[in-house]
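File shown: structure_29.cif (mmCIF, C-alpha atoms).
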```cif
data_protein
#
loop_
_atom_site.label_atom_id
_atom_site.label_comp_id
_atom_site.auth_asym_id
_atom_site.auth_seq_id
_atom_site.Cartn_x
_atom_site.Cartn_y
_atom_site.Cartn_z
CA MET A 1 109.56 93.39 53.77
CA LYS A 2 109.33 97.07 54.69
CA LYS A 3 107.89 97.76 58.12
CA ILE A 4 106.25 100.79 59.65
CA ALA A 5 107.88 101.36 63.01
CA LEU A 6 105.71 103.17 65.51
CA LEU A 7 108.01 104.94 67.96
CA PHE A 8 106.84 106.28 71.29
CA LEU A 9 108.08 108.45 74.12
CA PHE A 10 107.19 108.63 77.80
CA ILE A 11 109.15 111.49 79.18
CA GLY A 12 108.58 115.02 80.41
CA ILE A 13 109.42 118.62 79.63
CA THR A 14 108.57 122.36 80.28
CA THR A 15 109.65 125.73 78.82
CA SER A 16 111.17 129.18 79.33
CA ALA A 17 111.39 132.23 77.14
CA GLN A 18 114.52 131.99 75.03
CA ILE A 19 115.95 133.64 71.94
CA GLU A 20 116.71 130.38 70.15
CA PRO A 21 113.86 129.65 67.68
CA ARG A 22 113.32 126.02 68.71
CA LEU A 23 112.94 127.04 72.36
CA GLN A 24 110.56 129.83 71.36
CA ARG A 25 108.51 127.27 69.47
CA ILE A 26 108.40 124.95 72.51
CA ASP A 27 107.17 127.91 74.53
CA SER A 28 104.55 128.62 71.86
CA LEU A 29 103.35 125.00 71.97
CA LEU A 30 102.87 125.05 75.74
CA GLN A 31 101.21 128.47 75.66
CA TYR A 32 98.88 127.13 72.97
CA LEU A 33 97.99 124.11 75.13
CA GLU A 34 97.49 126.34 78.18
CA SER A 35 95.25 128.75 76.28
CA ASN A 36 93.06 125.83 75.19
CA ASN A 37 92.73 124.57 78.79
CA LYS A 38 94.77 121.48 77.98
CA PHE A 39 97.69 121.97 80.35
CA MET A 40 99.06 123.63 83.47
CA GLY A 41 102.56 122.91 84.71
CA SER A 42 106.26 123.60 84.30
CA LEU A 43 109.12 122.58 81.99
CA ALA A 44 112.91 122.70 82.28
CA ILE A 45 115.61 121.76 79.77
CA ARG A 46 119.24 121.54 80.87
CA GLU A 47 122.26 121.14 78.61
CA GLY A 48 125.06 119.96 80.89
CA GLU A 49 125.10 122.33 83.83
CA LYS A 50 123.38 125.11 81.85
CA LEU A 51 119.64 125.57 82.29
CA VAL A 52 118.52 126.67 78.81
CA PHE A 53 114.76 126.58 79.34
CA SER A 54 112.64 127.09 82.45
CA LYS A 55 109.04 128.25 82.45
CA ALA A 56 105.73 127.56 84.18
CA TYR A 57 102.20 127.80 82.79
CA GLY A 58 98.85 128.23 84.48
CA PHE A 59 98.10 128.49 88.19
CA ARG A 60 99.46 126.95 91.35
CA ASN A 61 96.16 127.97 93.01
CA VAL A 62 93.22 128.46 90.66
CA ALA A 63 90.82 129.71 93.35
CA THR A 64 93.08 132.65 94.29
CA LYS A 65 94.47 133.12 90.75
CA GLU A 66 98.06 132.61 91.96
CA LYS A 67 100.17 132.06 88.85
CA ALA A 68 102.89 129.43 88.80
CA ASP A 69 106.49 130.41 88.07
CA SER A 70 109.73 128.53 87.44
CA THR A 71 110.29 128.01 91.19
CA THR A 72 106.77 126.74 91.92
CA LYS A 73 107.01 123.40 93.69
CA TYR A 74 105.00 120.32 92.66
CA LYS A 75 104.53 116.79 93.95
CA ILE A 76 106.63 114.46 91.78
CA GLY A 77 105.08 111.08 92.65
CA SER A 78 107.17 108.06 91.69
CA ILE A 79 110.25 110.04 90.67
CA SER A 80 110.71 109.92 94.46
CA LYS A 81 111.74 106.27 93.95
CA THR A 82 114.93 107.38 92.19
CA PHE A 83 115.84 109.45 95.27
CA THR A 84 115.13 106.43 97.47
CA ALA A 85 117.26 104.13 95.30
CA ILE A 86 120.20 106.56 95.42
CA ILE A 87 120.16 106.61 99.23
CA ILE A 88 120.06 102.80 99.29
CA MET A 89 123.07 102.70 96.93
CA GLN A 90 124.90 105.19 99.17
CA LEU A 91 124.27 102.94 102.19
CA ILE A 92 125.66 100.00 100.22
CA GLU A 93 128.76 102.05 99.35
CA GLU A 94 129.11 102.81 103.08
CA LYS A 95 128.93 99.04 103.78
CA LYS A 96 125.85 99.50 105.96
CA LEU A 97 123.79 97.32 103.61
CA LYS A 98 124.25 94.81 100.80
CA LEU A 99 122.23 94.17 97.67
CA GLU A 100 121.94 90.55 98.89
CA THR A 101 120.63 91.54 102.34
CA PRO A 102 117.27 89.79 102.90
CA LEU A 103 114.16 91.84 103.59
CA ALA A 104 113.63 89.68 106.69
CA THR A 105 116.44 91.65 108.39
CA PHE A 106 114.05 94.60 108.60
CA PHE A 107 110.53 93.35 107.84
CA PRO A 108 110.39 89.63 108.80
CA LYS A 109 106.56 89.46 108.68
CA VAL A 110 106.34 90.18 104.92
CA LYS A 111 105.64 87.00 102.94
CA ASN A 112 108.85 85.49 101.47
CA ALA A 113 110.90 88.10 103.38
CA GLY A 114 113.72 85.58 103.81
CA GLN A 115 114.02 85.14 100.03
CA ILE A 116 113.47 88.75 98.95
CA THR A 117 116.66 90.84 98.67
CA ILE A 118 117.36 94.57 98.57
CA SER A 119 118.27 94.18 94.90
CA GLN A 120 114.88 92.62 94.14
CA LEU A 121 113.09 95.45 95.97
CA LEU A 122 114.99 97.99 93.87
CA HIS A 123 114.23 96.15 90.62
CA GLN A 124 110.53 95.55 91.48
CA ARG A 125 110.94 91.75 91.37
CA THR A 126 109.53 90.68 94.73
CA GLY A 127 105.96 89.46 94.26
CA ILE A 128 104.77 91.86 96.97
CA PRO A 129 101.38 93.35 95.97
CA ASP A 130 101.08 97.11 95.46
CA TYR A 131 99.40 98.62 98.53
CA ILE A 132 98.13 101.53 96.37
CA ASN A 133 96.64 99.54 93.50
CA GLN A 134 96.00 96.09 94.98
CA ASP A 135 93.07 97.40 97.02
CA SER A 136 91.96 100.65 98.59
CA LEU A 137 93.43 101.94 101.81
CA THR A 138 90.68 101.77 104.41
CA LYS A 139 89.43 104.75 106.38
CA GLU A 140 90.94 103.19 109.50
CA GLU A 141 94.35 102.90 107.83
CA LEU A 142 94.23 106.45 106.47
CA ASN A 143 93.28 107.79 109.92
CA ALA A 144 95.67 105.60 111.90
CA PRO A 145 97.83 107.38 114.52
CA ASP A 146 100.90 106.15 112.60
CA ILE A 147 99.94 105.68 108.95
CA LYS A 148 103.36 104.25 108.04
CA GLU A 149 103.01 101.45 110.58
CA ALA A 150 99.48 100.81 109.32
CA ILE A 151 100.78 100.46 105.75
CA TYR A 152 103.71 98.25 106.82
CA THR A 153 101.14 95.96 108.46
CA LYS A 154 98.95 96.02 105.36
CA ILE A 155 101.91 95.03 103.18
CA ALA A 156 102.87 92.22 105.60
CA ASN A 157 99.35 90.79 105.44
CA TYR A 158 99.40 90.34 101.65
CA ASP A 159 100.00 86.94 100.09
CA SER A 160 102.82 86.88 97.54
CA LEU A 161 101.86 87.18 93.85
CA PHE A 162 104.84 85.18 92.56
CA GLU A 163 108.19 83.77 93.59
CA PRO A 164 110.83 86.46 94.24
CA ASP A 165 112.97 87.35 91.20
CA SER A 166 110.81 85.27 88.82
CA LYS A 167 109.50 88.39 87.04
CA PHE A 168 109.10 92.17 87.13
CA GLN A 169 105.93 93.72 88.50
CA TYR A 170 105.79 97.37 89.55
CA SER A 171 104.74 97.77 93.16
CA ASN A 172 104.81 100.88 95.35
CA SER A 173 105.14 98.55 98.34
CA ASN A 174 108.75 97.75 97.41
CA TYR A 175 109.85 101.36 97.75
CA TYR A 176 107.69 102.01 100.80
CA LEU A 177 109.65 99.24 102.51
CA LEU A 178 112.96 100.65 101.24
CA GLY A 179 112.07 103.95 102.93
CA GLY A 180 111.60 102.08 106.20
CA ILE A 181 114.95 100.35 105.72
CA ILE A 182 116.66 103.73 105.21
CA GLU A 183 115.17 105.02 108.48
CA ALA A 184 116.10 101.84 110.37
CA ILE A 185 119.75 101.91 109.25
CA THR A 186 120.41 105.66 109.58
CA LYS A 187 118.26 106.25 112.70
CA LYS A 188 117.09 109.40 110.92
CA SER A 189 113.85 110.21 109.15
CA TYR A 190 113.49 109.74 105.41
CA SER A 191 113.07 113.51 105.17
CA GLU A 192 116.43 114.12 106.90
CA ASN A 193 118.13 111.64 104.60
CA ILE A 194 116.73 113.34 101.48
CA GLU A 195 117.97 116.71 102.72
CA LYS A 196 121.43 115.61 103.88
CA ARG A 197 122.34 112.95 101.34
CA ILE A 198 120.92 114.56 98.20
CA CYS A 199 119.55 118.10 98.40
CA HIS A 200 122.29 119.70 100.52
CA LYS A 201 125.02 117.71 98.77
CA ILE A 202 124.17 118.97 95.26
CA GLY A 203 122.46 122.26 96.11
CA LEU A 204 118.78 121.54 95.39
CA LYS A 205 116.89 124.52 96.83
CA ASN A 206 113.29 123.50 96.07
CA THR A 207 113.23 119.77 96.75
CA TYR A 208 112.08 118.22 100.03
CA TYR A 209 109.84 115.74 101.78
CA PRO A 210 106.71 117.61 102.94
CA THR A 211 105.59 117.81 106.55
CA GLU A 212 102.21 119.46 105.93
CA LYS A 213 99.61 119.89 103.22
CA VAL A 214 100.15 122.21 100.23
CA GLN A 215 100.86 125.83 101.13
CA SER A 216 100.29 127.92 98.00
CA LYS A 217 101.62 130.99 99.85
CA ASN A 218 104.96 129.14 99.90
CA ASN A 219 104.77 128.72 96.12
CA GLU A 220 103.55 125.12 96.32
CA SER A 221 100.98 123.92 93.81
CA TYR A 222 97.69 122.07 93.98
CA SER A 223 96.69 119.64 91.23
CA TYR A 224 93.56 119.89 89.07
CA ILE A 225 91.30 118.08 86.66
CA PHE A 226 89.37 119.88 83.92
CA LYS A 227 85.68 119.30 84.54
CA ASP A 228 82.57 121.12 83.33
CA SER A 229 84.69 123.71 81.49
CA GLN A 230 86.81 124.62 84.51
CA TRP A 231 89.77 123.44 86.57
CA GLU A 232 88.67 121.57 89.69
CA LYS A 233 91.06 120.97 92.61
CA VAL A 234 91.93 117.36 93.43
CA GLU A 235 91.84 116.17 97.02
CA GLU A 236 95.27 115.92 98.67
CA TRP A 237 96.87 112.81 100.10
CA ASP A 238 98.58 112.63 103.47
CA PHE A 239 102.31 112.77 102.64
CA ASP A 240 103.10 109.53 104.52
CA THR A 241 100.55 107.68 102.36
CA ALA A 242 103.08 107.74 99.52
CA PHE A 243 106.24 108.11 101.66
CA ALA A 244 109.44 106.90 99.95
CA ALA A 245 107.45 105.60 96.99
CA GLY A 246 106.10 108.98 95.90
CA ALA A 247 105.80 111.91 98.32
CA ILE A 248 108.71 114.22 97.42
CA ILE A 249 108.09 117.80 96.24
CA SER A 250 110.38 119.41 93.65
CA THR A 251 110.63 121.52 90.49
CA PRO A 252 111.67 120.67 86.91
CA ASN A 253 114.78 122.84 87.41
CA ASP A 254 115.84 120.79 90.42
CA LEU A 255 115.00 117.47 88.76
CA THR A 256 117.19 118.15 85.73
CA SER A 257 120.00 119.22 88.08
CA PHE A 258 119.44 116.07 90.13
CA MET A 259 119.75 113.80 87.08
CA ASP A 260 122.87 115.60 85.85
CA ALA A 261 124.46 115.20 89.30
CA LEU A 262 123.60 111.49 89.34
CA PHE A 263 125.23 110.85 85.96
CA GLN A 264 128.24 113.04 86.75
CA GLY A 265 129.11 110.97 89.82
CA LYS A 266 128.10 113.52 92.46
CA LEU A 267 125.65 111.24 94.28
CA VAL A 268 126.92 107.69 93.82
CA LYS A 269 130.04 106.00 92.47
CA LYS A 270 130.29 104.95 88.84
CA THR A 271 129.81 101.28 89.77
CA SER A 272 126.60 102.13 91.61
CA LEU A 273 125.31 104.14 88.67
CA GLU A 274 126.09 101.23 86.33
CA ALA A 275 124.06 98.99 88.62
CA MET A 276 121.17 101.49 88.61
CA ILE A 277 121.01 101.66 84.80
CA THR A 278 121.18 97.88 84.40
CA ILE A 279 117.72 97.20 83.01
CA LYS A 280 115.84 94.00 83.83
CA GLU A 281 112.52 93.56 82.00
CA GLY A 282 112.31 97.29 81.37
CA TYR A 283 113.28 98.54 84.84
CA GLY A 284 116.61 99.32 86.49
CA LYS A 285 117.10 100.43 90.08
CA ALA A 286 114.40 103.15 89.97
CA LEU A 287 115.29 104.10 86.40
CA PHE A 288 113.42 103.43 83.17
CA GLN A 289 114.90 103.79 79.70
CA PHE A 290 112.84 106.02 77.39
CA PRO A 291 113.32 105.91 73.61
CA PHE A 292 113.10 108.93 71.33
CA GLY A 293 114.21 107.87 67.87
CA GLU A 294 117.73 106.50 68.20
CA ARG A 295 118.26 108.27 71.54
CA ARG A 296 117.79 106.52 74.88
CA PHE A 297 116.98 108.63 77.90
CA TYR A 298 117.19 107.39 81.49
CA GLY A 299 114.69 108.65 84.01
CA HIS A 300 111.39 108.06 85.74
CA THR A 301 107.76 109.13 85.62
CA GLY A 302 105.36 109.87 88.43
CA GLY A 303 101.73 110.43 89.24
CA ILE A 304 100.07 111.43 92.50
CA GLU A 305 96.70 113.12 92.98
CA ASN A 306 96.51 114.68 89.50
CA PHE A 307 100.19 115.65 89.26
CA ARG A 308 102.03 114.05 86.33
CA SER A 309 105.82 114.22 86.38
CA ASN A 310 108.60 113.16 84.04
CA VAL A 311 112.35 113.48 84.09
CA GLY A 312 114.79 112.13 81.53
CA TYR A 313 118.53 112.35 80.92
CA TYR A 314 120.41 111.52 77.72
CA PRO A 315 124.03 110.84 78.81
CA THR A 316 125.59 111.21 75.34
CA GLU A 317 124.47 114.85 75.08
CA LYS A 318 124.24 115.51 78.85
CA LEU A 319 120.69 116.65 78.15
CA GLY A 320 118.21 116.73 81.00
CA ILE A 321 114.52 117.43 80.55
CA SER A 322 111.68 117.51 83.06
CA LEU A 323 107.99 118.23 82.75
CA ILE A 324 105.65 118.42 85.72
CA VAL A 325 101.94 118.80 85.06
CA ASN A 326 99.50 119.96 87.73
CA GLY A 327 96.50 120.13 85.40
CA ASP A 328 96.04 117.99 82.31
CA ASN A 329 93.31 117.79 79.72
CA TYR A 330 95.57 116.39 76.99
CA ASN A 331 97.75 113.32 76.60
CA SER A 332 101.04 114.13 78.34
CA ASN A 333 102.88 111.58 76.20
CA ASP A 334 101.84 113.53 73.10
CA MET A 335 102.97 116.74 74.78
CA MET A 336 106.42 115.33 75.46
CA ILE A 337 106.79 114.04 71.94
CA GLY A 338 105.95 117.52 70.67
CA ILE A 339 108.53 119.15 72.92
CA LEU A 340 111.34 116.76 71.99
CA SER A 341 110.41 116.86 68.31
CA ILE A 342 110.73 120.63 68.31
CA TYR A 343 113.96 120.51 70.36
CA TYR A 344 115.55 118.14 67.84
CA LYS A 345 114.16 120.14 64.89
CA ILE A 346 111.82 117.41 63.72
CA PRO A 347 108.76 118.81 61.91
CA TYR A 348 105.87 118.96 64.35
CA PRO A 349 102.54 120.64 63.55
CA PHE A 350 100.60 121.81 66.59
CA PRO A 351 97.57 119.63 67.38
CA SER A 352 94.18 120.86 66.27
CA PHE A 353 91.41 120.90 68.85
CA GLU A 354 88.70 121.41 66.27
CA LYS A 355 86.37 118.47 65.84
CA ILE A 356 86.91 116.72 62.53
CA ASN A 357 84.05 117.36 60.14
CA GLN A 358 81.75 114.32 59.94
CA THR A 359 81.76 114.62 56.16
CA LEU A 360 85.55 114.08 56.13
CA ILE A 361 85.26 111.14 58.52
CA THR A 362 82.70 109.48 56.23
CA LYS A 363 84.74 110.29 53.12
CA TYR A 364 88.04 108.89 54.39
CA SER A 365 86.80 105.87 56.40
CA GLY A 366 87.52 102.47 54.88
CA THR A 367 90.30 99.97 54.21
CA TYR A 368 93.22 100.87 51.96
CA ALA A 369 95.63 98.42 50.30
CA SER A 370 99.05 99.05 48.75
CA LYS A 371 101.13 97.53 45.99
CA ASP A 372 104.23 99.06 47.61
CA ILE A 373 104.09 97.06 50.85
CA PRO A 374 102.09 94.00 52.01
CA LEU A 375 100.08 96.04 54.45
CA LYS A 376 96.54 97.31 54.71
CA ILE A 377 95.44 100.41 56.64
CA THR A 378 91.93 100.76 58.01
CA ILE A 379 90.65 104.28 58.68
CA PHE A 380 87.72 104.48 61.06
CA GLU A 381 85.86 106.79 63.44
CA LYS A 382 85.59 106.43 67.21
CA GLU A 383 83.86 108.99 69.44
CA GLY A 384 84.19 111.69 66.82
CA GLU A 385 87.91 111.08 66.22
CA LEU A 386 89.62 109.58 63.18
CA LEU A 387 91.89 106.58 63.82
CA ALA A 388 94.09 104.37 61.65
CA GLN A 389 95.12 100.75 62.11
CA ALA A 390 97.73 98.94 60.06
CA THR A 391 97.69 95.15 59.64
CA GLY A 392 98.83 93.47 62.85
CA GLN A 393 99.39 96.76 64.74
CA SER A 394 97.51 98.79 67.32
CA SER A 395 95.28 101.62 66.20
CA PHE A 396 96.57 105.19 66.46
CA PRO A 397 94.82 108.60 66.41
CA LEU A 398 95.10 110.96 63.46
CA THR A 399 95.49 114.68 64.14
CA LEU A 400 94.02 117.09 61.62
CA LYS A 401 96.58 119.25 59.83
CA ASP A 402 94.34 120.39 56.97
CA GLU A 403 91.33 118.92 55.17
CA LYS A 404 93.44 116.34 53.35
CA THR A 405 96.40 115.86 55.69
CA PHE A 406 96.53 114.06 59.05
CA ILE A 407 99.49 113.19 61.28
CA PHE A 408 100.54 110.76 63.97
CA ALA A 409 103.51 112.62 65.48
CA GLN A 410 104.77 109.82 67.76
CA ALA A 411 105.80 107.73 64.76
CA GLY A 412 106.50 110.58 62.35
CA ILE A 413 103.58 109.50 60.17
CA GLU A 414 101.77 111.84 57.77
CA ILE A 415 98.78 110.65 55.76
CA ILE A 416 97.52 112.62 52.74
CA PHE A 417 94.12 111.64 51.38
CA GLY A 418 93.03 111.87 47.74
CA GLU A 419 89.98 110.56 45.89
CA ASN A 420 89.78 107.00 47.26
CA THR A 421 93.53 107.03 47.90
CA LEU A 422 95.95 107.81 50.67
CA GLU A 423 99.67 108.49 50.64
CA LEU A 424 101.58 107.55 53.77
CA HIS A 425 104.86 109.35 54.56
CA GLN A 426 107.23 108.03 57.22
CA GLY A 427 111.00 108.09 57.68
CA GLY A 428 111.60 109.54 54.23
CA GLY A 429 109.49 106.82 52.60
CA LYS A 430 106.34 107.40 50.56
CA PHE A 431 103.74 104.61 50.22
CA ASN A 432 100.60 104.72 48.06
CA PHE A 433 97.33 103.06 49.06
CA ILE A 434 94.02 102.62 47.20
CA LYS A 435 90.65 102.29 48.93
CA GLU A 436 89.14 98.83 48.54
#
```
Take the structure in this file and express it as structure tokens.
Amino acid sequence: MKKIALLFLFIGITTSAQIEPRLQRIDSLLQYLESNNKFMGSLAIREGEKLVFSKAYGFRNVATKEKADSTTKYKIGSISKTFTAIIIMQLIEEKKLKLETPLATFFPKVKNAGQITISQLLHQRTGIPDYINQDSLTKEELNAPDIKEAIYTKIANYDSLFEPDSKFQYSNSNYYLLGGIIEAITKKSYSENIEKRICHKIGLKNTYYPTEKVQSKNNESYSYIFKDSQWEKVEEWDFDTAFAAGAIISTPNDLTSFMDALFQGKLVKKTSLEAMITIKEGYGKALFQFPFGERRFYGHTGGIENFRSNVGYYPTEKLGISLIVNGDNYNSNDMMIGILSIYYKIPYPFPSFEKINQTLITKYSGTYASKDIPLKITIFEKEGELLAQATGQSSFPLTLKDEKTFIFAQAGIEIIFGENTLELHQGGGKFNFIKE
């Protein structure tokens, strides 16, 4: 039986003016999104040690009309966890810590601390609830004289969700505690460790742990949401609220350099890297694996305030790519798919932001069956958009290409409508359907 495989990507990218046509087209895509108030942010693409694309779009400060550039610094959210994991692996290499060391050595009041190991913290397999998403931080906790101690206490007061190592469940608490372990072992602040053990070692000029709120005069960026036809600034967090789980500031240029250094053995030994990319239930030691076609990128994503960050590295090609968004009004996953599609010379029509004509929606809606494959496709409308759903699969949005042609870029699907028919193109195959 022939199957329609719906591929997806969760990775990030940005652009810079280049002569090469595919890079020019990436730039055109991001300019197009910016001009339609869909995106502000920055993209970098690195081939080995060579930065081939680096460009920012939109403003770092909308109120003062300060434009972003390729050295504008953004909050990277959970990509900070990869930095934290690297320092932990360095401490293990220095024999100051072991993967089997129990959490009770440092935080004995946390439930099941005697059973939870450093390895389980790194792999998000502890059962410790997420202090960010389990419940809201109280006003008292946010205004505590020492917010880190307040959050450590909050984490210690949680009941465990499951037995340690019985399953994966993402929790910011795990990496908050790892930050405290780094400070306890080194007798230095997390900020000092980031600077000495990573940034200074590999020459990152625009990456650091903040000590104050955003300073746009220092080329730091605020984040925004698009509301009532304009960009509205999002309230900032205190940096220690996210700490080692998500507070680092960086640039796409630095993040691609960081990932290249990690995979070239400049930050940890090969054995440590192998341990980091060992995936358990979708997560390594602060590294995800992201698919794009047959390629598998390693990296991480992040979100804090309304910053959205992505970094990925494809070891076979030594390709690094990072997108940081400080204002989004468009699905960032779709944006990344567009960027990588163009980079790898896969046909990719720009999305249309015109509303689909209701006449077309009415005309094309219905269920279509095929003699070619045992599959039906239902076309339907939701909130003014046209969607498709194949038998036994999730629905997916259709982007208008022209009055008869619609695409779903993530899976390389093109649908061409006729009179009570549709023709589905994917992966070189062509399948005919008739409306029931």
Find the distance between CA of Thr117 in chain A and CA of Ser166 in chain A and write it in Å to one decimal.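 Computing the Euclidean distance for CA of Thr117 in chain A and CA of Ser166 in chain A yields 12.7 Å.
Going from CA of Trp231 in chain A over to CA of Pro397 in chain A, you cover 25.5 Å.
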Under the rule that only C-alpha atoms are counted, which of A:Thr241, A:Thr278, A:Gln90, A:Thr378 is the nearest residue to Ala150 in chain A?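 Distance minimum relative to Ala150 in chain A lands on A:Thr241.
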Evaluate the PyMOL selection byres ((chain A and resi 296) around 10) and record the selected residues as a list in words, following the chain and residue labels used in the document. Leu9, Phe288, Gln289, Phe290, Pro291, Phe292, Gly293, Glu294, Arg295, Phe297, Tyr298, Gly299, Gly312, Tyr313, Tyr314, Pro315 and Thr316 of chain A
Written selection (C-alpha atoms) as a PDB file, keeping the file's coordinate frame:
```pdb
ATOM      1  CA  LEU A   9     108.080 108.450  74.120  1.00  0.00           C
ATOM      2  CA  PHE A 288     113.420 103.430  83.170  1.00  0.00           C
ATOM      3  CA  GLN A 289     114.900 103.790  79.700  1.00  0.00           C
ATOM      4  CA  PHE A 290     112.840 106.020  77.390  1.00  0.00           C
ATOM      5  CA  PRO A 291     113.320 105.910  73.610  1.00  0.00           C
ATOM      6  CA  PHE A 292     113.100 108.930  71.330  1.00  0.00           C
ATOM      7  CA  GLY A 293     114.210 107.870  67.870  1.00  0.00           C
ATOM      8  CA  GLU A 294     117.730 106.500  68.200  1.00  0.00           C
ATOM      9  CA  ARG A 295     118.260 108.270  71.540  1.00  0.00           C
ATOM     10  CA  PHE A 297     116.980 108.630  77.900  1.00  0.00           C
ATOM     11  CA  TYR A 298     117.190 107.390  81.490  1.00  0.00           C
ATOM     12  CA  GLY A 299     114.690 108.650  84.010  1.00  0.00           C
ATOM     13  CA  GLY A 312     114.790 112.130  81.530  1.00  0.00           C
ATOM     14  CA  TYR A 313     118.530 112.350  80.920  1.00  0.00           C
ATOM     15  CA  TYR A 314     120.410 111.520  77.720  1.00  0.00           C
ATOM     16  CA  PRO A 315     124.030 110.840  78.810  1.00  0.00           C
ATOM     17  CA  THR A 316     125.590 111.210  75.340  1.00  0.00           C
TER      18      THR A 316
END
```
Carefully work through the PyMOL selection byres ((chain A and resi 168) around 7) for this structure and note down the residues it includes, as a ChimeraX atom specification. /A:124-125,167,169-170,281
Give as a PyMOL selection string the residues that the PyMOL selection byres ((chain A and resi 87-89) around 8) matches when applied to the coordinates above. chain A and resi 83-86+90-93+97+178+182+193-194+197+268+272
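Coordinates place CA of Ser80 in chain A at a distance of 4.9 Å from CA of Gly246 in chain A.
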With a distance cut-off of 9 Å and all atoms listed in the file, select the neighbouring residues of Tyr368 in chain A, excluding the residue or stretch itself and same-chain residues fewer than 5 positions from it, and output the selection as a ChimeraX atom specification. /A:375-379,420-422,433-436
Save the residues we just selected, C-alpha atoms, as a tab-separated table (two decimals), keeping the file's coordinate frame?
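To be explicit, this is the file written out as result-v1.tsv:
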```tsv
chain	number	residue	atom	x	y	z
A	375	LEU	CA	100.08	96.04	54.45
A	376	LYS	CA	96.54	97.31	54.71
A	377	ILE	CA	95.44	100.41	56.64
A	378	THR	CA	91.93	100.76	58.01
A	379	ILE	CA	90.65	104.28	58.68
A	420	ASN	CA	89.78	107.00	47.26
A	421	THR	CA	93.53	107.03	47.90
A	422	LEU	CA	95.95	107.81	50.67
A	433	PHE	CA	97.33	103.06	49.06
A	434	ILE	CA	94.02	102.62	47.20
A	435	LYS	CA	90.65	102.29	48.93
A	436	GLU	CA	89.14	98.83	48.54
```
Using only C-alpha atoms, find the one residue out of A:Gly412, A:Gly338, A:Gly384, A:Pro21 that sits nearest to Ile356 in chain A.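 Counting only C-alpha atoms, the residue closest to Ile356 in chain A is A:Gly384.
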Please return the centre and edge lengths, in Å to one decimal, of a box with edges along x, y and z that contains all listed atoms of range 266-279 of chain A, widened by 3 Å on every side, as lines of an AutoDock Vina configuration file.
```
center_x = 124.0
center_y = 105.4
center_z = 88.6
size_x = 18.6
size_y = 22.3
size_z = 17.3
```
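Proximity to Thr256 in chain A was assessed for A:Lys355, A:Lys318, A:Lys213, A:Lys363 counting all atoms listed in the file; the smallest distance is recorded for A:Lys318.
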Can you pull out the residues contacting Val311 in chain A? Cut-off 12 Å, using only C-alpha atoms, and skip same-chain residues under 6 positions away; I want them as a VMD selection string. chain A and resid 9 to 14 42 to 46 76 to 80 82 250 to 260 287 to 290 297 to 302 319 to 325 336
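Close contacts of range 398-406 of chain A, defined as residues with an atom at most 10 Å away when counting all atoms listed in the file, with chain neighbours fewer than 2 positions off set aside, comprise Pro349, Phe350, Pro351, Ser352, Phe353, Glu354, Lys355, Ile356, Asn357, Leu360, Tyr364, Ile379, Glu385, Leu386, Leu387, Ala388, Ser395, Phe396, Phe408, Ala409, Ile413, Glu414, Ile415, Ile416, Phe417, Gly418, Leu422, Glu423 and Leu424 of chain A.
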Find the residue from A:Ser365, A:Thr126, A:Gln230, A:Ser70 that sits nearest to Asn174 in chain A; use all atoms listed in the file when measuring.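 When distances to Asn174 in chain A are compared using all atoms listed in the file, the smallest one comes from A:Thr126.
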Among the residues A:Glu140, A:Gln393, A:Glu20, A:Leu30, the one that comes closest to Ile339 in chain A [using only C-alpha atoms]: A:Leu30
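Using all atoms listed in the file for every distance, the candidate list A:Asn432, A:Ser191, A:Lys38, A:Asp165 yields A:Asp165 as the residue closest to Lys280 in chain A.
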For Arg60 in chain A, list every protein, DNA or RNA residue within 12 Å, evaluated using all atoms listed in the file, and leave out those in the same chain fewer than 4 positions away; present the list as a PyMOL selection string. chain A and resi 40-42+56+64-75+214-224+231+233+307+324-327
How would range 97-101 of chain A of the given structure read as a file with N, CA, C and O atoms, as a PDB file, in the first residue's frame?
```pdb
ATOM      1  N   LEU A  97      32.313  15.421  38.993  1.00  0.00           N
ATOM      2  CA  LEU A  97      30.921  15.004  38.999  1.00  0.00           C
ATOM      3  C   LEU A  97      30.823  13.703  38.207  1.00  0.00           C
ATOM      4  O   LEU A  97      31.682  13.421  37.365  1.00  0.00           O
ATOM      5  N   LYS A  98      29.789  12.931  38.465  1.00  0.00           N
ATOM      6  CA  LYS A  98      29.521  11.720  37.687  1.00  0.00           C
ATOM      7  C   LYS A  98      28.086  11.742  37.201  1.00  0.00           C
ATOM      8  O   LYS A  98      27.218  12.343  37.842  1.00  0.00           O
ATOM      9  N   LEU A  99      27.834  11.064  36.093  1.00  0.00           N
ATOM     10  CA  LEU A  99      26.456  10.965  35.602  1.00  0.00           C
ATOM     11  C   LEU A  99      25.574  10.247  36.620  1.00  0.00           C
ATOM     12  O   LEU A  99      24.366  10.487  36.690  1.00  0.00           O
ATOM     13  N   GLU A 100      26.182   9.375  37.445  1.00  0.00           N
ATOM     14  CA  GLU A 100      25.421   8.598  38.430  1.00  0.00           C
ATOM     15  C   GLU A 100      25.256   9.333  39.748  1.00  0.00           C
ATOM     16  O   GLU A 100      24.574   8.847  40.663  1.00  0.00           O
ATOM     17  N   THR A 101      25.882  10.505  39.899  1.00  0.00           N
ATOM     18  CA  THR A 101      25.782  11.252  41.155  1.00  0.00           C
ATOM     19  C   THR A 101      24.314  11.557  41.463  1.00  0.00           C
ATOM     20  O   THR A 101      23.591  12.068  40.605  1.00  0.00           O
TER      21      THR A 101
END
```
